[in-house]
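K.L.:
Input: one structure, supplied below.
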Amino acid sequence: MIAPILTIASILAGFILVFYVFFPLGRGAVYVASTPEKTLLLVKLSRVVPGERAADLGSGDGRVVIALAQSGAEAHGFEVNPVLVLIAKRNIRRAGMQHMAFIHWKSFWRADLSRFDVLTVFQGSFIMKRLEAKVRKELAPGARVVSDYWGFPTMEPEGLHDTVVCYRIP
Ligand SMILES: C[S@@+](CC[C@H](N)C(=O)[O-])C[C@H]1O[C@@H](n2cnc3c(N)ncnc32)[C@H](O)[C@@H]1O
């Protein structure tokens with residue numbers, strides 16, 4: 001009786017480990033979805049306007065990418081977890097936003113961010129120093145970054161609303 005339960009528990013634990021931890025390991029935060037309220041707040045604070053290009057770094061199930069696209073931006077998501085990539089693509093199709101929202105199975109560390117006007121970030125404290133160096137190097141002056149929970153160590157924020165820190169590249 002105990003053996004089958006242990007087998008099922010190990011399979012479940014293995015699945016959770018692979019799903020949540022393996023793909024982002026050392027590269028960024030594990031998967032935790034933004035709440036609907038936080039998704040709307042991120043997009044509102046990004047002040048994205050139609051015609052701009054926006055990217056969500058670590059796009060999860062695509063909810064922030066879809067919301068950015070619904071604001072009129074050409075929205076991109078970079079995601080390392082292939083299961084989440086598939087889920088996000090399905091969610092984009094369901095939302096009818098295929099013409100405006102695009103998901104890339106790719107680490108954002110390997111993405112060229114220079115073409116984006118706006119970045120949204122919900123990552124971990126341990127990547128923020130490296131990410132600050134990347135956005136300072138790649139983003140054009142005036143581009144915006146909105147980050148939930150964690151800020152850059154040296155860049156002066158433009159504003160702080162609830163848990164979201166807003167930056168404009170100097
Ligand atoms: C905290 S979740 C945020 C998900 C989504 N942005 C949201 O707000 O609902 C972080 C996501 O980043 C992904 N991730 C972590 N490191 C990454 C990397 N280097 N490149 C792309 N995706 C990454 C994880 O797989 C996870 O889906």
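A note on labels: chains of the structure tokens are A, B, ... as shown, every chain counts residues from 1, and ligands are counted from 1 in their shown order.
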Extract the full set of alpha helix (DSSP H) residues from stretch 42-140 of chain A according to DSSP on the backbone, and format it as number ranges by chain.
P.N.:
A: 42-46, 63-70, 82-95, 128-138
K.L.:
Those same residues, written as an mmCIF file, in the first residue's frame with C-alpha atoms?
P.N.:
data_model
loop_
_atom_site.group_PDB
_atom_site.id
_atom_site.type_symbol
_atom_site.label_atom_id
_atom_site.label_comp_id
_atom_site.auth_asym_id
_atom_site.auth_seq_id
_atom_site.Cartn_x
_atom_site.Cartn_y
_atom_site.Cartn_z
ATOM 1 C CA LEU A 42 2.479 46.570 -14.205
ATOM 2 C CA VAL A 43 0.991 47.459 -17.572
ATOM 3 C CA LYS A 44 -0.510 50.729 -16.307
ATOM 4 C CA LEU A 45 2.796 51.810 -14.750
ATOM 5 C CA SER A 46 4.713 50.856 -17.891
ATOM 6 C CA ARG A 63 -0.627 37.078 -18.955
ATOM 7 C CA VAL A 64 1.572 40.206 -18.870
ATOM 8 C CA VAL A 65 2.433 39.855 -22.570
ATOM 9 C CA ILE A 66 -1.272 39.616 -23.425
ATOM 10 C CA ALA A 67 -2.089 42.676 -21.291
ATOM 11 C CA LEU A 68 0.725 44.672 -22.937
ATOM 12 C CA ALA A 69 -0.565 43.666 -26.368
ATOM 13 C CA GLN A 70 -4.106 44.633 -25.393
ATOM 14 C CA PRO A 82 8.967 25.081 -22.611
ATOM 15 C CA VAL A 83 5.731 24.026 -20.914
ATOM 16 C CA LEU A 84 5.003 27.648 -20.031
ATOM 17 C CA VAL A 85 5.909 28.677 -23.585
ATOM 18 C CA LEU A 86 3.208 26.326 -24.912
ATOM 19 C CA ILE A 87 0.681 27.484 -22.328
ATOM 20 C CA ALA A 88 1.406 31.155 -23.095
ATOM 21 C CA LYS A 89 1.029 30.581 -26.847
ATOM 22 C CA ARG A 90 -2.305 28.862 -26.254
ATOM 23 C CA ASN A 91 -3.444 31.731 -24.004
ATOM 24 C CA ILE A 92 -2.454 34.257 -26.675
ATOM 25 C CA ARG A 93 -4.469 32.354 -29.291
ATOM 26 C CA ARG A 94 -7.457 32.203 -26.929
ATOM 27 C CA ALA A 95 -7.193 35.957 -26.362
ATOM 28 C CA MET A 128 18.925 42.507 -10.464
ATOM 29 C CA LYS A 129 22.575 43.627 -10.460
ATOM 30 C CA ARG A 130 23.324 41.703 -13.650
ATOM 31 C CA LEU A 131 20.033 42.824 -15.233
ATOM 32 C CA GLU A 132 20.784 46.469 -14.430
ATOM 33 C CA ALA A 133 24.098 46.169 -16.288
ATOM 34 C CA LYS A 134 22.289 44.566 -19.267
ATOM 35 C CA VAL A 135 19.539 47.189 -19.527
ATOM 36 C CA ARG A 136 22.010 50.063 -19.085
ATOM 37 C CA LYS A 137 24.057 48.624 -21.940
ATOM 38 C CA GLU A 138 21.231 47.665 -24.314
#
K.L.:
Set the cut-off to 9 Å, count only C-alpha atoms and all ligand atoms, and list whatever residues fall near ligand 1 as a PyMOL selection string.
P.N.:
chain A and resi 19-36+38-39+42+56-65+77-82+84-85+104-111+120-124+148
K.L.:
How would you write, as an NGL selection string, the set of residues in chain A that DSSP gives as strand (DSSP E)?
P.N.:
:A and (53-57 or 74-79 or 101-105 or 118-121 or 144-148 or 159-161 or 164-168)
K.L.:
Please write the residues from the selection above to a file, keeping C-alpha atoms, as a short mmCIF file (atom, residue, chain, number, x, y, z; two decimals), in the first residue's frame.
P.N.:
data_model
loop_
_atom_site.label_atom_id
_atom_site.label_comp_id
_atom_site.auth_asym_id
_atom_site.auth_seq_id
_atom_site.Cartn_x
_atom_site.Cartn_y
_atom_site.Cartn_z
CA ARG A 53 7.59 47.46 -28.38
CA ALA A 54 7.40 45.84 -24.97
CA ALA A 55 8.84 42.67 -23.46
CA ASP A 56 8.13 40.67 -20.34
CA LEU A 57 11.32 39.00 -19.07
CA GLU A 74 3.88 44.81 -29.98
CA ALA A 75 4.49 42.54 -26.99
CA HIS A 76 7.14 39.85 -26.60
CA GLY A 77 7.79 37.33 -23.86
CA PHE A 78 11.03 35.48 -23.17
CA GLU A 79 10.61 32.24 -21.26
CA ALA A 101 1.87 39.05 -28.85
CA PHE A 102 4.86 36.75 -29.38
CA ILE A 103 6.54 34.24 -27.07
CA HIS A 104 10.16 33.17 -27.51
CA TRP A 105 11.56 30.02 -25.94
CA VAL A 118 9.40 49.00 -22.26
CA LEU A 119 10.39 46.00 -20.13
CA THR A 120 8.33 44.35 -17.42
CA VAL A 121 10.11 42.24 -14.83
CA ARG A 144 11.24 52.25 -19.24
CA VAL A 145 11.55 49.27 -16.94
CA VAL A 146 8.89 48.29 -14.40
CA SER A 147 9.88 45.66 -11.90
CA ASP A 148 7.73 43.92 -9.35
CA GLY A 159 8.54 55.97 -8.87
CA LEU A 160 7.36 53.25 -6.51
CA HIS A 161 3.72 52.14 -6.50
CA VAL A 164 6.31 47.97 -8.36
CA VAL A 165 9.46 50.04 -9.01
CA CYS A 166 9.58 52.16 -12.18
CA TYR A 167 12.73 53.23 -14.01
CA ARG A 168 13.60 55.35 -17.03
#
K.L.:
Taking into account only C-alpha atoms, which residue in the set A:Ala140, A:Gly151, A:Val48, A:Ser114 is nearest to A:Phe126?
P.N.:
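Counting only C-alpha atoms, the residue closest to A:Phe126 is A:Gly151.
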